[in-house]
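Peer 1: Here it is, the structure, as structure tokens.
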Amino acid sequence: MMECKKLIAGFGIRQGKACRLDDLQVCYKEDLLSLARYFGDSGADELFIYDLSDTEEDHEKTIGLIKEIVRLSDIPVIAGGRVKRLEDVKKYLYAGSKAAFLDAGDDDNVDLMKEAADRFGDDKIYAYLPDSSYLNRTREYAQLGASVMILGNPDITEEILFAISSCEEHFLLTGSDENMLSDSLKLDLVDGFIACLLEDSVFMDLKQELKSQGIGVDTFESSVDFSQFKLNSDGLIPVVVQEYRTGEVLMLAYMNEEAFKETLKSGCMTYYSRSRQSLWKKGETSGHFQYVKALSLDCDNDTLLAKVNQIGAACHTGEQSCFHQSLIKKEFKDSNPLKVFEDVFQVILDRKINPKEGSYTNYLFDKGLDKILKKLGEESTEIIIAAKNPNPEEVKYEISDFLYHMMVLMAQKGVTWEDITRELANR
């Protein structure tokens, strides 16, 4: 199977704003978090973030923004730029980045490479080369533990590509010239291209162009041809649309073959309007786009299930879901583990923001971190004691107490269940 080349969206962060890597004075119009999410939704495989903060305070804010970007964009992040000590590398990685890069233009960063690779693993450490003059030192950086070289020079030339072709290390190239995309990605050891693009660029379109040139990139390819679908009397197939994070059913729509192919090509849900007798891309007028995460076919080949990232409301009424009119409802306990955890966690967060007199949760918050940690220690001991007992019910109760106190700690430290599940999924 051909290894896919990566198309990576690159930008810098300075004072909470995103700026172009090829011209650091130019800031994007869109707010940082929306921009990062848009890049992921529009087909970028990863994000490359250069921390341009000047002060320690700004650096800490940038780390917080990277953490939020990781949560929102749902694609891997490579981050770095302001590394003064090993602790800074840890901050980028603990914010959720798949790898941290060290600037080879800074001798102190070069000295840190081996220590960082030994501490966090070679796969977590990349070397950033400010320009092509550093290409003759890539072997040194690799021996120190950097697994990938990032060439920061945005002006890729044929001479630079020739020099890279004689290296033995894996590369990511940075560029603003889309004409150099295919030439760069044709080199075996160039794993990806960090594109310095304007916010209206659509990565899926670029991928389709690269694909037409025979370059292996990650696009949507259906494992079942449309001809195998069982269509209704109008020649359409119904599509049930679901929010991919929560599982909420959003709407029902229909596709013909043209709409299906356009959905695969663009990565945006495109349907066939029975009333207008034409294609319509969801969100084209409202901005409430639906970006594809997964498409599945049912056992009879006559219905599609689409899992999407819904921007804004799915329903034309402004409701999140078209299925907002309740007809009947029997009370029941939702035992979905993550939903239960999230619901309890939201109550704890609400107590933190809106204290309630007599609340045990608020008592813990008022007493502070040491009290919360003391209770966690006590509850973990109770689990061990209960586990020695033959009755499994005791273990259930003690684990429940521990999880509650753990969620109080999570709220105190600003950690969410999504942070936890993402970290577990990455292991």
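Naming works like this for the structure tokens: A, B, ... for the chains as they're shown, residue 1 at the start of each chain, ligands 1 onward in shown order.
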I'd like the neighbourhood of Ala294 in chain A as a list in words, where a residue qualifies if any of its atoms comes within 8 Å (using only C-alpha atoms), though same-chain residues fewer than 6 positions away should be ignored.
Peer 2: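 Those residues are Ala306, Lys307 and Val308 of chain A.
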Peer 1: For the residues in that selection, give me all heavy atoms as a compact mmCIF listing (two decimals), in the first residue's frame.
Peer 2:
```
# COMPACT_ATOMS: atom_id res chain seq x y z
N ALA A 306 -23.85 8.96 7.93
CA ALA A 306 -22.74 9.92 7.85
C ALA A 306 -22.43 10.46 9.24
O ALA A 306 -23.32 10.97 9.92
CB ALA A 306 -23.10 11.07 6.92
N LYS A 307 -21.17 10.33 9.65
CA LYS A 307 -20.72 10.96 10.89
C LYS A 307 -19.95 12.21 10.49
O LYS A 307 -18.99 12.13 9.72
CB LYS A 307 -19.85 9.99 11.70
CG LYS A 307 -20.65 8.79 12.19
CD LYS A 307 -19.86 7.93 13.16
CE LYS A 307 -20.73 6.79 13.68
NZ LYS A 307 -20.02 5.95 14.68
N VAL A 308 -20.38 13.34 11.02
CA VAL A 308 -19.86 14.62 10.54
C VAL A 308 -19.47 15.54 11.69
O VAL A 308 -19.93 15.37 12.83
CB VAL A 308 -20.91 15.36 9.67
CG1 VAL A 308 -21.38 14.47 8.53
CG2 VAL A 308 -22.11 15.82 10.52
```
Peer 1: Report the residues of range 3-239 of chain A whose backbone DSSP state falls under strand (DSSP E or B), written as a PyMOL selection string.
Peer 2: chain A and resi 5-14+17-19+27+46-51+77-80+99-103+125-129+148-151+170-175+190-195+217+237-239
Peer 1: Excluding same-chain residues fewer than 3 positions from Leu112 in chain A, what lies within 10 Å of it counting only C-alpha atoms, as an mmCIF file with C-alpha atoms, in the first residue's frame?
Peer 2:
```cif
data_model
loop_
_atom_site.group_PDB
_atom_site.id
_atom_site.type_symbol
_atom_site.label_atom_id
_atom_site.label_comp_id
_atom_site.auth_asym_id
_atom_site.auth_seq_id
_atom_site.Cartn_x
_atom_site.Cartn_y
_atom_site.Cartn_z
ATOM 1 C CA VAL A 83 12.212 26.221 23.809
ATOM 2 C CA LYS A 84 14.444 27.546 26.575
ATOM 3 C CA ARG A 85 14.651 24.358 28.617
ATOM 4 C CA LEU A 86 13.444 20.748 28.612
ATOM 5 C CA VAL A 89 9.371 20.593 25.259
ATOM 6 C CA LEU A 102 13.677 22.266 18.386
ATOM 7 C CA ASP A 107 22.796 26.112 19.792
ATOM 8 C CA ASP A 108 21.061 25.626 23.149
ATOM 9 C CA ASN A 109 18.230 23.817 21.345
ATOM 10 C CA GLU A 115 18.122 14.902 26.379
ATOM 11 C CA ALA A 116 14.641 15.539 24.931
ATOM 12 C CA ALA A 117 14.770 12.423 22.734
ATOM 13 C CA LEU A 144 21.093 13.380 18.639
ATOM 14 C CA GLY A 145 17.583 11.926 18.381
#
```
Peer 1: Please determine, counting only C-alpha atoms, which residue among A:Lys230, A:Ser165, A:Gln208, A:Leu24 has the shortest atom-to-atom distance to Asp298 in chain A.
Peer 2: A:Lys230
Peer 1: Kindly indicate which residue among A:Asn256, A:Thr174, A:Thr157, A:Ser166 lies nearest to Phe229 in chain A, using only C-alpha atoms for the distances.
Peer 2: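 When distances to Phe229 in chain A are compared using only C-alpha atoms, the smallest one comes from A:Asn256.
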Peer 1: May I ask for the distance between CA of Leu409 in chain A and CA of Glu68 in chain A, given in Å to one decimal place?
Peer 2: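 Distance reported for this atom pair: 19.2 Å.
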Peer 1: Hey, could you make a per-residue contact list for range 280-351 of chain A against range 37-42 of chain A with 12 Å as the cut-off, showing the nearest pair of atoms and its distance in Å to one decimal, counting only C-alpha atoms, sorted by chain and number, as CSV?
Peer 2:
```
residue,atom,partner,partner_atom,distance
A:Gly287,CA,A:Tyr38,CA,11.9
A:Phe289,CA,A:Asp41,CA,9.7
A:Gln290,CA,A:Asp41,CA,8.9
A:Tyr291,CA,A:Asp41,CA,5.9
A:Val292,CA,A:Asp41,CA,8.0
A:Lys293,CA,A:Asp41,CA,8.9
A:Val308,CA,A:Asp41,CA,9.8
A:Asn309,CA,A:Asp41,CA,7.8
A:Gln310,CA,A:Asp41,CA,10.1
A:Ile311,CA,A:Tyr38,CA,9.8
```
Peer 1: Give me a file of those residues, with C-alpha atoms, as a PDB file, in the first residue's frame.
Peer 2:
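Once written, out-v4.pdb looks like this:
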```pdb
ATOM      1  CA  GLY A 287     -22.151  28.618   6.781  1.00  0.00           C
ATOM      2  CA  PHE A 289     -21.148  23.108   6.848  1.00  0.00           C
ATOM      3  CA  GLN A 290     -20.957  19.414   7.617  1.00  0.00           C
ATOM      4  CA  TYR A 291     -17.437  18.031   7.296  1.00  0.00           C
ATOM      5  CA  VAL A 292     -17.183  14.283   6.696  1.00  0.00           C
ATOM      6  CA  LYS A 293     -15.636  12.101   9.372  1.00  0.00           C
ATOM      7  CA  VAL A 308     -19.855  14.624  10.541  1.00  0.00           C
ATOM      8  CA  ASN A 309     -18.397  17.628  12.266  1.00  0.00           C
ATOM      9  CA  GLN A 310     -21.386  19.956  12.274  1.00  0.00           C
ATOM     10  CA  ILE A 311     -20.606  23.669  12.163  1.00  0.00           C
TER      11      ILE A 311
END
```
Peer 1: For the helix (DSSP H, G or I) assignment from backbone DSSP, which residues of range 175-259 of chain A qualify? Please present them as a PyMOL selection string.
Peer 2: chain A and resi 178-185+203-212+226-228+257-259
Peer 1: May I have the selected residues written with N, CA and C atoms, as a PDB file, in the first residue's frame?
Peer 2:
```pdb
ATOM      1  N   GLU A 178       2.512  26.824  -4.253  1.00  0.00           N
ATOM      2  CA  GLU A 178       1.776  25.582  -4.510  1.00  0.00           C
ATOM      3  C   GLU A 178       2.355  24.821  -5.697  1.00  0.00           C
ATOM      4  N   ASN A 179       3.070  25.510  -6.578  1.00  0.00           N
ATOM      5  CA  ASN A 179       3.661  24.840  -7.736  1.00  0.00           C
ATOM      6  C   ASN A 179       4.775  23.881  -7.333  1.00  0.00           C
ATOM      7  N   MET A 180       5.338  24.091  -6.125  1.00  0.00           N
ATOM      8  CA  MET A 180       6.419  23.223  -5.662  1.00  0.00           C
ATOM      9  C   MET A 180       5.900  22.030  -4.869  1.00  0.00           C
ATOM     10  N   LEU A 181       4.608  21.990  -4.654  1.00  0.00           N
ATOM     11  CA  LEU A 181       4.029  20.896  -3.870  1.00  0.00           C
ATOM     12  C   LEU A 181       4.380  19.533  -4.446  1.00  0.00           C
ATOM     13  N   SER A 182       4.021  19.320  -5.697  1.00  0.00           N
ATOM     14  CA  SER A 182       4.202  17.995  -6.290  1.00  0.00           C
ATOM     15  C   SER A 182       5.675  17.631  -6.399  1.00  0.00           C
ATOM     16  N   ASP A 183       6.541  18.592  -6.803  1.00  0.00           N
ATOM     17  CA  ASP A 183       7.973  18.298  -6.910  1.00  0.00           C
ATOM     18  C   ASP A 183       8.546  17.896  -5.553  1.00  0.00           C
ATOM     19  N   SER A 184       8.115  18.575  -4.500  1.00  0.00           N
ATOM     20  CA  SER A 184       8.605  18.264  -3.154  1.00  0.00           C
ATOM     21  C   SER A 184       8.154  16.885  -2.705  1.00  0.00           C
ATOM     22  N   LEU A 185       6.885  16.589  -2.897  1.00  0.00           N
ATOM     23  CA  LEU A 185       6.323  15.345  -2.384  1.00  0.00           C
ATOM     24  C   LEU A 185       6.716  14.116  -3.200  1.00  0.00           C
ATOM     25  N   PHE A 203      -7.733  22.381   1.536  1.00  0.00           N
ATOM     26  CA  PHE A 203      -6.703  21.359   1.398  1.00  0.00           C
ATOM     27  C   PHE A 203      -7.186  20.161   0.591  1.00  0.00           C
ATOM     28  N   MET A 204      -8.473  19.867   0.690  1.00  0.00           N
ATOM     29  CA  MET A 204      -8.985  18.727  -0.062  1.00  0.00           C
ATOM     30  C   MET A 204      -8.851  18.968  -1.560  1.00  0.00           C
ATOM     31  N   ASP A 205      -9.032  20.216  -2.002  1.00  0.00           N
ATOM     32  CA  ASP A 205      -8.851  20.538  -3.425  1.00  0.00           C
ATOM     33  C   ASP A 205      -7.398  20.323  -3.844  1.00  0.00           C
ATOM     34  N   LEU A 206      -6.475  20.748  -2.989  1.00  0.00           N
ATOM     35  CA  LEU A 206      -5.057  20.556  -3.284  1.00  0.00           C
ATOM     36  C   LEU A 206      -4.718  19.069  -3.362  1.00  0.00           C
ATOM     37  N   LYS A 207      -5.318  18.298  -2.474  1.00  0.00           N
ATOM     38  CA  LYS A 207      -5.066  16.850  -2.477  1.00  0.00           C
ATOM     39  C   LYS A 207      -5.577  16.198  -3.759  1.00  0.00           C
ATOM     40  N   GLN A 208      -6.731  16.654  -4.222  1.00  0.00           N
ATOM     41  CA  GLN A 208      -7.274  16.087  -5.456  1.00  0.00           C
ATOM     42  C   GLN A 208      -6.341  16.383  -6.633  1.00  0.00           C
ATOM     43  N   GLU A 209      -5.748  17.571  -6.633  1.00  0.00           N
ATOM     44  CA  GLU A 209      -4.797  17.925  -7.687  1.00  0.00           C
ATOM     45  C   GLU A 209      -3.546  17.050  -7.600  1.00  0.00           C
ATOM     46  N   LEU A 210      -3.032  16.846  -6.384  1.00  0.00           N
ATOM     47  CA  LEU A 210      -1.861  15.988  -6.196  1.00  0.00           C
ATOM     48  C   LEU A 210      -2.168  14.545  -6.591  1.00  0.00           C
ATOM     49  N   LYS A 211      -3.351  14.105  -6.237  1.00  0.00           N
ATOM     50  CA  LYS A 211      -3.772  12.740  -6.574  1.00  0.00           C
ATOM     51  C   LYS A 211      -3.810  12.535  -8.081  1.00  0.00           C
ATOM     52  N   SER A 212      -4.267  13.559  -8.811  1.00  0.00           N
ATOM     53  CA  SER A 212      -4.327  13.458 -10.277  1.00  0.00           C
ATOM     54  C   SER A 212      -2.931  13.360 -10.893  1.00  0.00           C
ATOM     55  N   PHE A 226     -20.904   3.261  -5.965  1.00  0.00           N
ATOM     56  CA  PHE A 226     -22.284   3.739  -5.891  1.00  0.00           C
ATOM     57  C   PHE A 226     -23.234   2.819  -6.645  1.00  0.00           C
ATOM     58  N   SER A 227     -22.756   2.165  -7.682  1.00  0.00           N
ATOM     59  CA  SER A 227     -23.602   1.258  -8.473  1.00  0.00           C
ATOM     60  C   SER A 227     -24.112   0.086  -7.648  1.00  0.00           C
ATOM     61  N   GLN A 228     -23.453  -0.181  -6.511  1.00  0.00           N
ATOM     62  CA  GLN A 228     -23.878  -1.281  -5.638  1.00  0.00           C
ATOM     63  C   GLN A 228     -24.942  -0.853  -4.629  1.00  0.00           C
ATOM     64  N   GLU A 257     -25.899   9.932  -7.287  1.00  0.00           N
ATOM     65  CA  GLU A 257     -24.501   9.565  -7.497  1.00  0.00           C
ATOM     66  C   GLU A 257     -23.600  10.795  -7.554  1.00  0.00           C
ATOM     67  N   GLU A 258     -24.076  11.864  -8.171  1.00  0.00           N
ATOM     68  CA  GLU A 258     -23.270  13.069  -8.288  1.00  0.00           C
ATOM     69  C   GLU A 258     -23.002  13.677  -6.916  1.00  0.00           C
ATOM     70  N   ALA A 259     -24.017  13.691  -6.058  1.00  0.00           N
ATOM     71  CA  ALA A 259     -23.854  14.243  -4.711  1.00  0.00           C
ATOM     72  C   ALA A 259     -22.879  13.393  -3.901  1.00  0.00           C
TER      73      ALA A 259
END
```
Peer 1: Could you list, as an MDAnalysis selection string, every residue within 8 Å of Ala253 in chain A, counting only C-alpha atoms and ignoring same-chain residues fewer than 4 positions away?
Peer 2: chainID A and resid 238:241 271:272
Peer 1: Could the residues in this selection be saved with N, CA and C atoms as a PDB file, in the first residue's frame?
Peer 2:
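selection15.pdb written:
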```pdb
ATOM      1  N   PRO A 238     -31.166   7.455   0.972  1.00  0.00           N
ATOM      2  CA  PRO A 238     -31.280   8.306   2.162  1.00  0.00           C
ATOM      3  C   PRO A 238     -29.988   8.283   2.984  1.00  0.00           C
ATOM      4  N   VAL A 239     -29.697   9.423   3.625  1.00  0.00           N
ATOM      5  CA  VAL A 239     -28.495   9.569   4.447  1.00  0.00           C
ATOM      6  C   VAL A 239     -28.902  10.051   5.831  1.00  0.00           C
ATOM      7  N   VAL A 240     -28.647   9.223   6.840  1.00  0.00           N
ATOM      8  CA  VAL A 240     -28.849   9.631   8.232  1.00  0.00           C
ATOM      9  C   VAL A 240     -27.558  10.306   8.691  1.00  0.00           C
ATOM     10  N   VAL A 241     -27.684  11.514   9.232  1.00  0.00           N
ATOM     11  CA  VAL A 241     -26.499  12.309   9.571  1.00  0.00           C
ATOM     12  C   VAL A 241     -26.374  12.434  11.090  1.00  0.00           C
ATOM     13  N   TYR A 271     -25.755  17.036  -0.860  1.00  0.00           N
ATOM     14  CA  TYR A 271     -26.982  16.248  -1.014  1.00  0.00           C
ATOM     15  C   TYR A 271     -27.685  16.608  -2.323  1.00  0.00           C
ATOM     16  N   TYR A 272     -28.755  15.854  -2.580  1.00  0.00           N
ATOM     17  CA  TYR A 272     -29.630  16.176  -3.712  1.00  0.00           C
ATOM     18  C   TYR A 272     -30.942  16.696  -3.148  1.00  0.00           C
TER      19      TYR A 272
END
```
Peer 1: Using only C-alpha atoms, which of the listed residues (A:Met251, A:Ala313, A:Val224, A:Lys356) sits closest to Ser296 in chain A?
Peer 2: A:Val224
Peer 1: Between A:Ile194, A:Ser133, A:Ile75, A:Ser147, which one has atoms that come closest to Tyr50 in chain A, using only C-alpha atoms?
Peer 2: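 Looking at the shortest contact to Tyr50 in chain A, the residue is A:Ile194.
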Peer 1: Which polymer residues have any atom within 8 Å of an atom of range 317-324 of chain A, counting only C-alpha atoms, with same-chain residues fewer than 6 positions away left out, as an MDAnalysis selection string?
Peer 2: chainID A and resid 248:251
Peer 1: Using only C-alpha atoms, pick whichever of A:Glu379, A:Glu46, A:Glu262, A:Glu87 has the shortest atom-to-atom distance to Phe402 in chain A.
Peer 2: A:Glu379
